[in-house]
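Note: the block below is run-v2.txt and it holds compact mmCIF, N, CA and C atoms and all ligand atoms.
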```txt
# COMPACT_ATOMS: atom_id res chain seq x y z
N MET A 13 23.47 -24.32 15.32
CA MET A 13 22.66 -25.44 14.82
C MET A 13 23.01 -25.69 13.35
N MET A 14 23.27 -26.93 13.04
CA MET A 14 23.62 -27.28 11.67
C MET A 14 22.34 -27.47 10.87
N ALA A 15 22.35 -26.94 9.69
CA ALA A 15 21.15 -27.00 8.85
C ALA A 15 21.26 -28.15 7.86
N ARG A 16 20.31 -29.03 7.98
CA ARG A 16 20.24 -30.14 7.05
C ARG A 16 19.59 -29.64 5.76
N VAL A 17 20.07 -30.08 4.64
CA VAL A 17 19.43 -29.67 3.38
C VAL A 17 18.72 -30.88 2.77
N ASP A 18 17.65 -30.61 2.07
CA ASP A 18 16.88 -31.68 1.43
C ASP A 18 16.90 -31.55 -0.08
N ARG A 19 17.71 -30.62 -0.55
CA ARG A 19 17.73 -30.33 -1.97
C ARG A 19 19.14 -29.86 -2.35
N LEU A 20 19.59 -30.25 -3.50
CA LEU A 20 20.88 -29.77 -3.99
C LEU A 20 20.69 -29.11 -5.34
N THR A 21 21.18 -27.91 -5.45
CA THR A 21 21.16 -27.22 -6.74
C THR A 21 22.46 -27.56 -7.45
N THR A 22 22.34 -28.02 -8.68
CA THR A 22 23.53 -28.42 -9.42
C THR A 22 24.16 -27.23 -10.13
N VAL A 23 25.44 -27.07 -9.92
CA VAL A 23 26.19 -26.01 -10.58
C VAL A 23 27.36 -26.67 -11.31
N PHE A 24 27.43 -26.43 -12.60
CA PHE A 24 28.56 -26.98 -13.36
C PHE A 24 29.71 -25.99 -13.32
N VAL A 25 30.86 -26.50 -12.94
CA VAL A 25 32.03 -25.63 -12.80
C VAL A 25 33.21 -26.24 -13.54
N LYS A 26 34.16 -25.36 -13.83
CA LYS A 26 35.39 -25.83 -14.45
C LYS A 26 36.36 -26.22 -13.34
N ASP A 27 36.51 -25.29 -12.41
CA ASP A 27 37.35 -25.55 -11.25
C ASP A 27 36.49 -25.59 -10.00
N ILE A 28 36.85 -26.47 -9.11
CA ILE A 28 36.09 -26.61 -7.87
C ILE A 28 36.43 -25.42 -6.96
N PRO A 29 35.42 -24.69 -6.48
CA PRO A 29 35.71 -23.57 -5.59
C PRO A 29 36.28 -24.04 -4.25
N GLU A 30 37.04 -23.17 -3.63
CA GLU A 30 37.67 -23.55 -2.36
C GLU A 30 36.63 -23.70 -1.26
N GLN A 31 35.66 -22.79 -1.29
CA GLN A 31 34.63 -22.81 -0.26
C GLN A 31 33.33 -23.32 -0.86
N LEU A 32 32.83 -24.42 -0.37
CA LEU A 32 31.58 -24.96 -0.90
C LEU A 32 30.41 -24.38 -0.13
N GLU A 33 29.35 -24.11 -0.86
CA GLU A 33 28.14 -23.60 -0.23
C GLU A 33 27.23 -24.78 0.09
N ASN A 34 26.54 -24.72 1.22
CA ASN A 34 25.59 -25.78 1.55
C ASN A 34 24.46 -25.80 0.52
N GLY A 35 24.02 -26.98 0.17
CA GLY A 35 22.88 -27.09 -0.74
C GLY A 35 23.25 -26.97 -2.21
N VAL A 36 24.54 -26.96 -2.50
CA VAL A 36 24.98 -26.86 -3.89
C VAL A 36 25.81 -28.09 -4.24
N LEU A 37 25.48 -28.68 -5.36
CA LEU A 37 26.26 -29.80 -5.88
C LEU A 37 27.13 -29.25 -7.01
N TYR A 38 28.43 -29.23 -6.77
CA TYR A 38 29.35 -28.73 -7.78
C TYR A 38 29.79 -29.90 -8.65
N VAL A 39 29.60 -29.75 -9.93
CA VAL A 39 29.98 -30.83 -10.83
C VAL A 39 31.02 -30.30 -11.81
N SER A 40 32.14 -30.95 -11.85
CA SER A 40 33.17 -30.59 -12.82
C SER A 40 33.32 -31.73 -13.83
N PRO A 41 32.70 -31.56 -15.00
CA PRO A 41 32.82 -32.62 -16.01
C PRO A 41 34.28 -32.84 -16.40
N GLU A 42 35.06 -31.77 -16.38
CA GLU A 42 36.46 -31.89 -16.77
C GLU A 42 37.26 -32.72 -15.78
N CYS A 43 36.97 -32.52 -14.50
CA CYS A 43 37.71 -33.26 -13.46
C CYS A 43 37.01 -34.58 -13.11
N HIS A 44 35.86 -34.84 -13.74
CA HIS A 44 35.09 -36.06 -13.46
C HIS A 44 34.81 -36.22 -11.97
N VAL A 45 34.37 -35.14 -11.37
CA VAL A 45 34.10 -35.20 -9.94
C VAL A 45 32.92 -34.30 -9.59
N ALA A 46 32.19 -34.69 -8.56
CA ALA A 46 31.15 -33.84 -7.99
C ALA A 46 31.49 -33.62 -6.52
N LEU A 47 31.26 -32.42 -6.04
CA LEU A 47 31.53 -32.12 -4.64
C LEU A 47 30.33 -31.42 -4.03
N HIS A 48 30.08 -31.74 -2.76
CA HIS A 48 29.06 -30.99 -2.03
C HIS A 48 29.34 -31.11 -0.55
N ASN A 49 28.84 -30.16 0.21
CA ASN A 49 28.93 -30.28 1.65
C ASN A 49 27.90 -31.31 2.09
N CYS A 50 28.31 -32.17 2.99
CA CYS A 50 27.42 -33.23 3.50
C CYS A 50 26.04 -32.64 3.79
N ALA A 51 25.01 -33.31 3.29
CA ALA A 51 23.65 -32.77 3.37
C ALA A 51 23.13 -32.67 4.80
N CYS A 52 23.80 -33.31 5.75
CA CYS A 52 23.33 -33.24 7.13
C CYS A 52 23.70 -31.90 7.76
N GLY A 53 24.62 -31.18 7.10
CA GLY A 53 25.01 -29.88 7.63
C GLY A 53 26.24 -29.93 8.52
N CYS A 54 26.91 -31.06 8.56
CA CYS A 54 28.07 -31.20 9.45
C CYS A 54 29.30 -30.46 8.93
N GLY A 55 29.26 -30.07 7.65
CA GLY A 55 30.37 -29.30 7.10
C GLY A 55 31.44 -30.13 6.44
N GLU A 56 31.31 -31.45 6.49
CA GLU A 56 32.28 -32.30 5.81
C GLU A 56 32.06 -32.20 4.30
N GLU A 57 33.15 -32.26 3.56
CA GLU A 57 33.07 -32.19 2.11
C GLU A 57 32.96 -33.60 1.53
N VAL A 58 31.99 -33.78 0.67
CA VAL A 58 31.81 -35.09 0.04
C VAL A 58 32.28 -35.00 -1.41
N SER A 59 33.24 -35.83 -1.73
CA SER A 59 33.76 -35.88 -3.08
C SER A 59 33.27 -37.15 -3.75
N THR A 60 32.65 -36.99 -4.89
CA THR A 60 32.08 -38.13 -5.60
C THR A 60 32.73 -38.27 -6.97
N PRO A 61 33.58 -39.26 -7.14
CA PRO A 61 34.22 -39.44 -8.46
C PRO A 61 33.19 -39.91 -9.49
N LEU A 62 33.08 -39.14 -10.56
CA LEU A 62 32.10 -39.49 -11.58
C LEU A 62 32.78 -40.27 -12.71
N VAL A 63 33.22 -41.45 -12.35
CA VAL A 63 33.77 -42.35 -13.36
C VAL A 63 32.96 -43.62 -13.33
N GLN A 64 32.99 -44.32 -14.43
CA GLN A 64 32.08 -45.45 -14.61
C GLN A 64 32.11 -46.47 -13.47
N THR A 65 33.30 -46.67 -12.92
CA THR A 65 33.40 -47.69 -11.87
C THR A 65 32.99 -47.17 -10.50
N GLU A 66 32.70 -45.87 -10.39
CA GLU A 66 32.38 -45.31 -9.08
C GLU A 66 30.91 -44.90 -8.99
N TYR A 67 30.57 -43.82 -9.70
CA TYR A 67 29.21 -43.29 -9.60
C TYR A 67 28.65 -42.96 -10.97
N ASP A 68 27.35 -43.15 -11.08
CA ASP A 68 26.64 -42.71 -12.27
C ASP A 68 26.03 -41.34 -11.98
N PHE A 69 26.15 -40.45 -12.91
CA PHE A 69 25.61 -39.11 -12.76
C PHE A 69 24.62 -38.87 -13.89
N ILE A 70 23.42 -38.47 -13.54
CA ILE A 70 22.40 -38.18 -14.54
C ILE A 70 21.85 -36.78 -14.27
N MET A 71 21.84 -35.95 -15.29
CA MET A 71 21.28 -34.60 -15.15
C MET A 71 19.95 -34.54 -15.86
N GLU A 72 18.92 -34.16 -15.13
CA GLU A 72 17.59 -34.00 -15.73
C GLU A 72 17.08 -32.60 -15.40
N ASP A 73 15.95 -32.23 -15.98
CA ASP A 73 15.39 -30.89 -15.74
C ASP A 73 15.20 -30.61 -14.26
N GLU A 74 14.73 -31.59 -13.53
CA GLU A 74 14.42 -31.40 -12.11
C GLU A 74 15.67 -31.31 -11.26
N GLY A 75 16.78 -31.85 -11.76
CA GLY A 75 18.01 -31.84 -10.97
C GLY A 75 18.85 -33.05 -11.26
N ALA A 76 19.93 -33.16 -10.51
CA ALA A 76 20.91 -34.22 -10.75
C ALA A 76 20.60 -35.45 -9.90
N SER A 77 20.94 -36.60 -10.45
CA SER A 77 20.85 -37.86 -9.71
C SER A 77 22.24 -38.49 -9.69
N ILE A 78 22.58 -39.05 -8.53
CA ILE A 78 23.84 -39.76 -8.42
C ILE A 78 23.55 -41.14 -7.84
N TRP A 79 24.11 -42.13 -8.45
CA TRP A 79 23.89 -43.52 -8.00
C TRP A 79 25.21 -44.25 -8.01
N PRO A 80 25.59 -45.04 -7.04
CA PRO A 80 24.78 -45.44 -5.87
C PRO A 80 24.69 -44.35 -4.80
N SER A 81 24.18 -44.75 -3.65
CA SER A 81 23.93 -43.80 -2.58
C SER A 81 25.22 -43.20 -2.04
N ILE A 82 25.09 -42.03 -1.42
CA ILE A 82 26.22 -41.37 -0.78
C ILE A 82 26.28 -41.88 0.65
N GLY A 83 27.28 -42.66 0.95
CA GLY A 83 27.41 -43.23 2.29
C GLY A 83 28.60 -42.60 3.01
N ASN A 84 28.30 -41.64 3.87
CA ASN A 84 29.38 -40.92 4.56
C ASN A 84 29.75 -41.62 5.87
N HIS A 85 29.98 -42.92 5.78
CA HIS A 85 30.24 -43.65 7.02
C HIS A 85 31.64 -43.39 7.57
N ASP A 86 32.48 -42.67 6.81
CA ASP A 86 33.79 -42.32 7.34
C ASP A 86 33.75 -40.97 8.07
N PHE A 87 32.62 -40.28 8.00
CA PHE A 87 32.46 -39.02 8.72
C PHE A 87 31.83 -39.31 10.08
N PRO A 88 32.06 -38.40 11.06
CA PRO A 88 31.42 -38.60 12.37
C PRO A 88 29.89 -38.69 12.27
N CYS A 89 29.28 -37.97 11.31
CA CYS A 89 27.81 -37.97 11.21
C CYS A 89 27.29 -39.30 10.69
N GLY A 90 28.09 -40.00 9.88
CA GLY A 90 27.67 -41.29 9.34
C GLY A 90 26.43 -41.21 8.47
N SER A 91 26.17 -40.05 7.89
CA SER A 91 24.93 -39.90 7.15
C SER A 91 24.96 -40.68 5.84
N HIS A 92 23.80 -41.00 5.39
CA HIS A 92 23.64 -41.87 4.23
C HIS A 92 22.40 -41.42 3.48
N TYR A 93 22.57 -41.09 2.21
CA TYR A 93 21.43 -40.61 1.45
C TYR A 93 21.63 -40.83 -0.04
N ILE A 94 20.53 -40.70 -0.73
CA ILE A 94 20.54 -40.85 -2.17
C ILE A 94 20.18 -39.50 -2.77
N ILE A 95 20.89 -39.10 -3.79
CA ILE A 95 20.58 -37.85 -4.49
C ILE A 95 19.82 -38.23 -5.74
N LYS A 96 18.57 -37.87 -5.77
CA LYS A 96 17.76 -38.19 -6.95
C LYS A 96 17.01 -36.95 -7.40
N ARG A 97 17.23 -36.56 -8.64
CA ARG A 97 16.62 -35.37 -9.24
C ARG A 97 16.72 -34.17 -8.30
N GLY A 98 17.93 -33.99 -7.78
CA GLY A 98 18.21 -32.81 -6.96
C GLY A 98 17.69 -32.87 -5.54
N ARG A 99 17.04 -33.96 -5.19
CA ARG A 99 16.49 -34.09 -3.84
C ARG A 99 17.31 -35.09 -3.04
N ILE A 100 17.39 -34.83 -1.73
CA ILE A 100 18.07 -35.74 -0.83
C ILE A 100 17.04 -36.72 -0.27
N HIS A 101 17.30 -37.99 -0.48
CA HIS A 101 16.45 -39.03 0.10
C HIS A 101 17.25 -39.69 1.21
N TRP A 102 16.85 -39.41 2.43
CA TRP A 102 17.62 -39.93 3.57
C TRP A 102 17.43 -41.43 3.69
N ALA A 103 18.55 -42.10 3.83
CA ALA A 103 18.50 -43.55 3.82
C ALA A 103 18.85 -44.15 5.18
N GLY A 104 19.07 -43.31 6.16
CA GLY A 104 19.39 -43.83 7.48
C GLY A 104 20.81 -44.35 7.53
N LYS A 105 21.30 -44.56 8.72
CA LYS A 105 22.67 -45.05 8.86
C LYS A 105 22.76 -46.48 8.35
N MET A 106 23.85 -46.74 7.69
CA MET A 106 24.05 -48.09 7.19
C MET A 106 24.56 -48.97 8.31
N SER A 107 24.09 -50.17 8.33
CA SER A 107 24.62 -51.13 9.29
C SER A 107 26.00 -51.56 8.83
N ARG A 108 26.74 -52.10 9.75
CA ARG A 108 28.08 -52.60 9.41
C ARG A 108 28.01 -53.56 8.22
N GLN A 109 26.99 -54.39 8.24
CA GLN A 109 26.83 -55.39 7.19
C GLN A 109 26.61 -54.73 5.83
N GLN A 110 25.79 -53.67 5.82
CA GLN A 110 25.51 -52.96 4.57
C GLN A 110 26.77 -52.27 4.06
N ILE A 111 27.54 -51.69 5.00
CA ILE A 111 28.78 -51.01 4.60
C ILE A 111 29.72 -52.03 3.97
N GLU A 112 29.83 -53.17 4.60
CA GLU A 112 30.71 -54.22 4.06
C GLU A 112 30.23 -54.68 2.70
N ALA A 113 28.93 -54.82 2.56
CA ALA A 113 28.37 -55.24 1.27
C ALA A 113 28.68 -54.20 0.20
N GLY A 114 28.56 -52.94 0.59
CA GLY A 114 28.85 -51.84 -0.33
C GLY A 114 30.30 -51.84 -0.76
N ARG A 115 31.17 -52.09 0.20
CA ARG A 115 32.60 -52.10 -0.12
C ARG A 115 32.95 -53.31 -0.99
N ALA A 116 32.32 -54.41 -0.70
CA ALA A 116 32.55 -55.62 -1.51
C ALA A 116 32.09 -55.36 -2.94
N TYR A 117 30.95 -54.69 -3.04
CA TYR A 117 30.40 -54.34 -4.35
C TYR A 117 31.39 -53.46 -5.10
N ASP A 118 31.91 -52.42 -4.42
CA ASP A 118 32.89 -51.53 -5.03
C ASP A 118 34.09 -52.30 -5.55
N ARG A 119 34.60 -53.17 -4.70
CA ARG A 119 35.79 -53.93 -5.08
C ARG A 119 35.52 -54.78 -6.32
N LEU A 120 34.37 -55.42 -6.32
CA LEU A 120 34.03 -56.30 -7.44
C LEU A 120 33.88 -55.51 -8.72
N ILE A 121 33.20 -54.37 -8.63
CA ILE A 121 32.98 -53.55 -9.83
C ILE A 121 34.31 -53.04 -10.36
N LYS A 122 35.17 -52.59 -9.46
CA LYS A 122 36.45 -52.04 -9.89
C LYS A 122 37.33 -53.10 -10.54
N ARG A 123 37.21 -54.30 -10.04
CA ARG A 123 38.00 -55.39 -10.62
C ARG A 123 37.42 -55.83 -11.96
N GLY A 124 36.16 -55.48 -12.15
CA GLY A 124 35.51 -55.88 -13.39
C GLY A 124 35.23 -57.37 -13.45
N ALA A 125 35.33 -58.01 -12.32
CA ALA A 125 35.12 -59.45 -12.28
C ALA A 125 33.63 -59.77 -12.10
N GLN A 126 33.27 -60.96 -12.35
CA GLN A 126 31.89 -61.40 -12.17
C GLN A 126 31.86 -62.65 -11.30
N PRO A 127 32.42 -62.58 -10.13
CA PRO A 127 32.43 -63.79 -9.30
C PRO A 127 31.04 -64.10 -8.73
N LYS A 128 30.95 -65.26 -8.16
CA LYS A 128 29.70 -65.67 -7.51
C LYS A 128 29.40 -64.67 -6.40
N GLY A 129 28.15 -64.34 -6.24
CA GLY A 129 27.78 -63.44 -5.17
C GLY A 129 27.58 -62.01 -5.64
N LEU A 130 28.15 -61.69 -6.78
CA LEU A 130 28.01 -60.31 -7.27
C LEU A 130 26.54 -60.00 -7.55
N GLU A 131 25.86 -60.93 -8.16
CA GLU A 131 24.46 -60.69 -8.50
C GLU A 131 23.62 -60.41 -7.26
N ALA A 132 23.94 -61.11 -6.19
CA ALA A 132 23.21 -60.92 -4.94
C ALA A 132 23.43 -59.51 -4.40
N ILE A 133 24.66 -59.05 -4.52
CA ILE A 133 24.98 -57.71 -4.03
C ILE A 133 24.29 -56.66 -4.89
N VAL A 134 24.32 -56.87 -6.20
CA VAL A 134 23.64 -55.94 -7.11
C VAL A 134 22.15 -55.92 -6.78
N ALA A 135 21.58 -57.08 -6.54
CA ALA A 135 20.16 -57.17 -6.20
C ALA A 135 19.87 -56.41 -4.91
N TRP A 136 20.80 -56.49 -3.97
CA TRP A 136 20.62 -55.79 -2.71
C TRP A 136 20.57 -54.29 -2.94
N PHE A 137 21.46 -53.81 -3.79
CA PHE A 137 21.49 -52.39 -4.08
C PHE A 137 20.21 -51.95 -4.78
N LYS A 138 19.71 -52.79 -5.66
CA LYS A 138 18.48 -52.45 -6.37
C LYS A 138 17.31 -52.40 -5.40
N ARG A 139 17.32 -53.31 -4.42
CA ARG A 139 16.25 -53.30 -3.42
C ARG A 139 16.32 -52.02 -2.59
N LEU A 140 17.55 -51.62 -2.24
CA LEU A 140 17.75 -50.41 -1.45
C LEU A 140 17.20 -49.22 -2.22
N TRP A 141 17.54 -49.17 -3.49
CA TRP A 141 17.08 -48.10 -4.39
C TRP A 141 15.56 -48.07 -4.40
N ALA A 142 14.96 -49.23 -4.61
CA ALA A 142 13.51 -49.32 -4.70
C ALA A 142 12.85 -48.90 -3.40
N LYS A 143 13.48 -49.27 -2.27
CA LYS A 143 12.91 -49.00 -0.97
C LYS A 143 12.85 -47.49 -0.71
N PHE A 144 13.89 -46.78 -1.08
CA PHE A 144 13.96 -45.38 -0.72
C PHE A 144 13.43 -44.45 -1.80
N ILE A 145 13.42 -44.92 -3.01
CA ILE A 145 12.99 -44.04 -4.10
C ILE A 145 11.60 -44.45 -4.61
N GLY A 146 11.36 -45.72 -4.59
CA GLY A 146 10.07 -46.21 -5.05
C GLY A 146 9.98 -46.25 -6.57
ZN ZN A 201 27.34 -35.03 7.69
```
Rewrite the structure from the file as structure tokens, please.
Ligand SMILES: [Zn+2]
Amino acid sequence: MMARVDRLTTVFVKDIPEQLENGVLYVSPECHVALHNCACGCGEEVSTPLVQTEYDFIMEDEGASIWPSIGNHDFPCGSHYIIKRGRIHWAGKMSRQQIEAGRAYDRLIKRGAQPKGLEAIVAWFKRLWAKFIG
């Protein structure tokens, strides 16, 4: 039985360990990356690039927050969650439409462009955030 975790303990590392422990968020400021085993317990490794165009990382006393959400839609589990203050907020599987919107958002942000429609996508992400985090 795979154990789902609802909490991630943040560990700052210089080098990413070969074997990741469940429930641990490994953060390498030097490599600008965070890694953790998928919170659903499926054993897939989730790599989160901590660069401005990808993810925001905030460390607080209660734990780490990563934004936007972790969408593992390329894994068989398809799990989707938000890491906020070290806690996993399950966001349910993303619909095809949401995945496409997310990818469109990524593309737009990476291009640094401000075309029409970007604001709508940003608004959608903010609504998602508000819905799951409150
Ligand atoms: Zn998973």
Shell of 6.5 Å around ligand ZN 201 (chain A) (only N, CA and C atoms and all ligand atoms), written as a PDB file with N, CA and C atoms, in the coordinates of the input:
```
ATOM      1  N   CYS A  50      28.310 -32.170   2.990  1.00  0.00           N
ATOM      2  CA  CYS A  50      27.420 -33.230   3.500  1.00  0.00           C
ATOM      3  C   CYS A  50      26.040 -32.640   3.790  1.00  0.00           C
ATOM      4  N   ALA A  51      25.010 -33.310   3.290  1.00  0.00           N
ATOM      5  CA  ALA A  51      23.650 -32.770   3.370  1.00  0.00           C
ATOM      6  C   ALA A  51      23.130 -32.670   4.800  1.00  0.00           C
ATOM      7  N   CYS A  52      23.800 -33.310   5.750  1.00  0.00           N
ATOM      8  CA  CYS A  52      23.330 -33.240   7.130  1.00  0.00           C
ATOM      9  C   CYS A  52      23.700 -31.900   7.760  1.00  0.00           C
ATOM     10  N   GLY A  53      24.620 -31.180   7.100  1.00  0.00           N
ATOM     11  CA  GLY A  53      25.010 -29.880   7.630  1.00  0.00           C
ATOM     12  C   GLY A  53      26.240 -29.930   8.520  1.00  0.00           C
ATOM     13  N   CYS A  54      26.910 -31.060   8.560  1.00  0.00           N
ATOM     14  CA  CYS A  54      28.070 -31.200   9.450  1.00  0.00           C
ATOM     15  C   CYS A  54      29.300 -30.460   8.930  1.00  0.00           C
ATOM     16  N   GLY A  55      29.260 -30.070   7.650  1.00  0.00           N
ATOM     17  CA  GLY A  55      30.370 -29.300   7.100  1.00  0.00           C
ATOM     18  C   GLY A  55      31.440 -30.130   6.440  1.00  0.00           C
ATOM     19  N   GLU A  56      31.310 -31.450   6.490  1.00  0.00           N
ATOM     20  CA  GLU A  56      32.280 -32.300   5.810  1.00  0.00           C
ATOM     21  C   GLU A  56      32.060 -32.200   4.300  1.00  0.00           C
ATOM     22  N   PRO A  88      32.060 -38.400  11.060  1.00  0.00           N
ATOM     23  CA  PRO A  88      31.420 -38.600  12.370  1.00  0.00           C
ATOM     24  C   PRO A  88      29.890 -38.690  12.270  1.00  0.00           C
ATOM     25  N   CYS A  89      29.280 -37.970  11.310  1.00  0.00           N
ATOM     26  CA  CYS A  89      27.810 -37.970  11.210  1.00  0.00           C
ATOM     27  C   CYS A  89      27.290 -39.300  10.690  1.00  0.00           C
ATOM     28  N   GLY A  90      28.090 -40.000   9.880  1.00  0.00           N
ATOM     29  CA  GLY A  90      27.670 -41.290   9.340  1.00  0.00           C
ATOM     30  C   GLY A  90      26.430 -41.210   8.470  1.00  0.00           C
ATOM     31  N   SER A  91      26.170 -40.050   7.890  1.00  0.00           N
ATOM     32  CA  SER A  91      24.930 -39.900   7.150  1.00  0.00           C
ATOM     33  C   SER A  91      24.960 -40.680   5.840  1.00  0.00           C
TER      34      SER A  91
END
```
Near segment 92-109 of chain A, 7 Å: segment 32-81 of chain A residue rows, closest pairs, only C-alpha atoms, as a tab-separated table:
```
residue	atom	partner	partner_atom	distance
A:Glu72	CA	A:Arg97	CA	6.7
A:Glu74	CA	A:Arg97	CA	5.4
A:Gly75	CA	A:Gly98	CA	4.1
A:Ala76	CA	A:Arg97	CA	4.7
A:Ser77	CA	A:Lys96	CA	4.2
A:Ile78	CA	A:Ile95	CA	5.5
A:Ser81	CA	A:Ile94	CA	4.5
```
Extending 8 Å beyond the listed atoms of segment 80-93 of chain A on each side, what axis-aligned box results? I want centre and edge lengths in Å to one decimal, as JSON.
```
{"center_x": 27.6, "center_y": -41.7, "center_z": 2.7, "size_x": 28.4, "size_y": 23.5, "size_z": 35.4}
```
In Å and to one decimal, atom CA of Asp18 of chain A is distant from atom C of Ile111 of chain A by 24.2 Å
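Atom pair atom CA of Tyr67 of chain A / atom N of Arg16 of chain A: separated by 24.3 Å.
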Next on the checklist: Taking 4 positions as the minimum chain separation for residues in the same chain, which residues sit within 12 Å of segment 29-31 of chain A when counting only C-alpha atoms? Answer as a ChimeraX atom specification.
Outcome noted: /A:23-25,36-40,46-49,55-57
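Atom CA of Glu42 of chain A sits 25.2 Å away from atom C of Arg119 of chain A.
Using all atoms listed in the file, the shortest contact distance between Thr21 of chain A and any of A:Pro61, A:Gly114, A:Gly35, A:Gly83 is found at A:Gly35.
Take the candidates A:Cys43, A:Leu20, A:Asp27, A:Arg115 and check each one against His85 of chain A using only C-alpha atoms; the shortest distance goes to A:Arg115.
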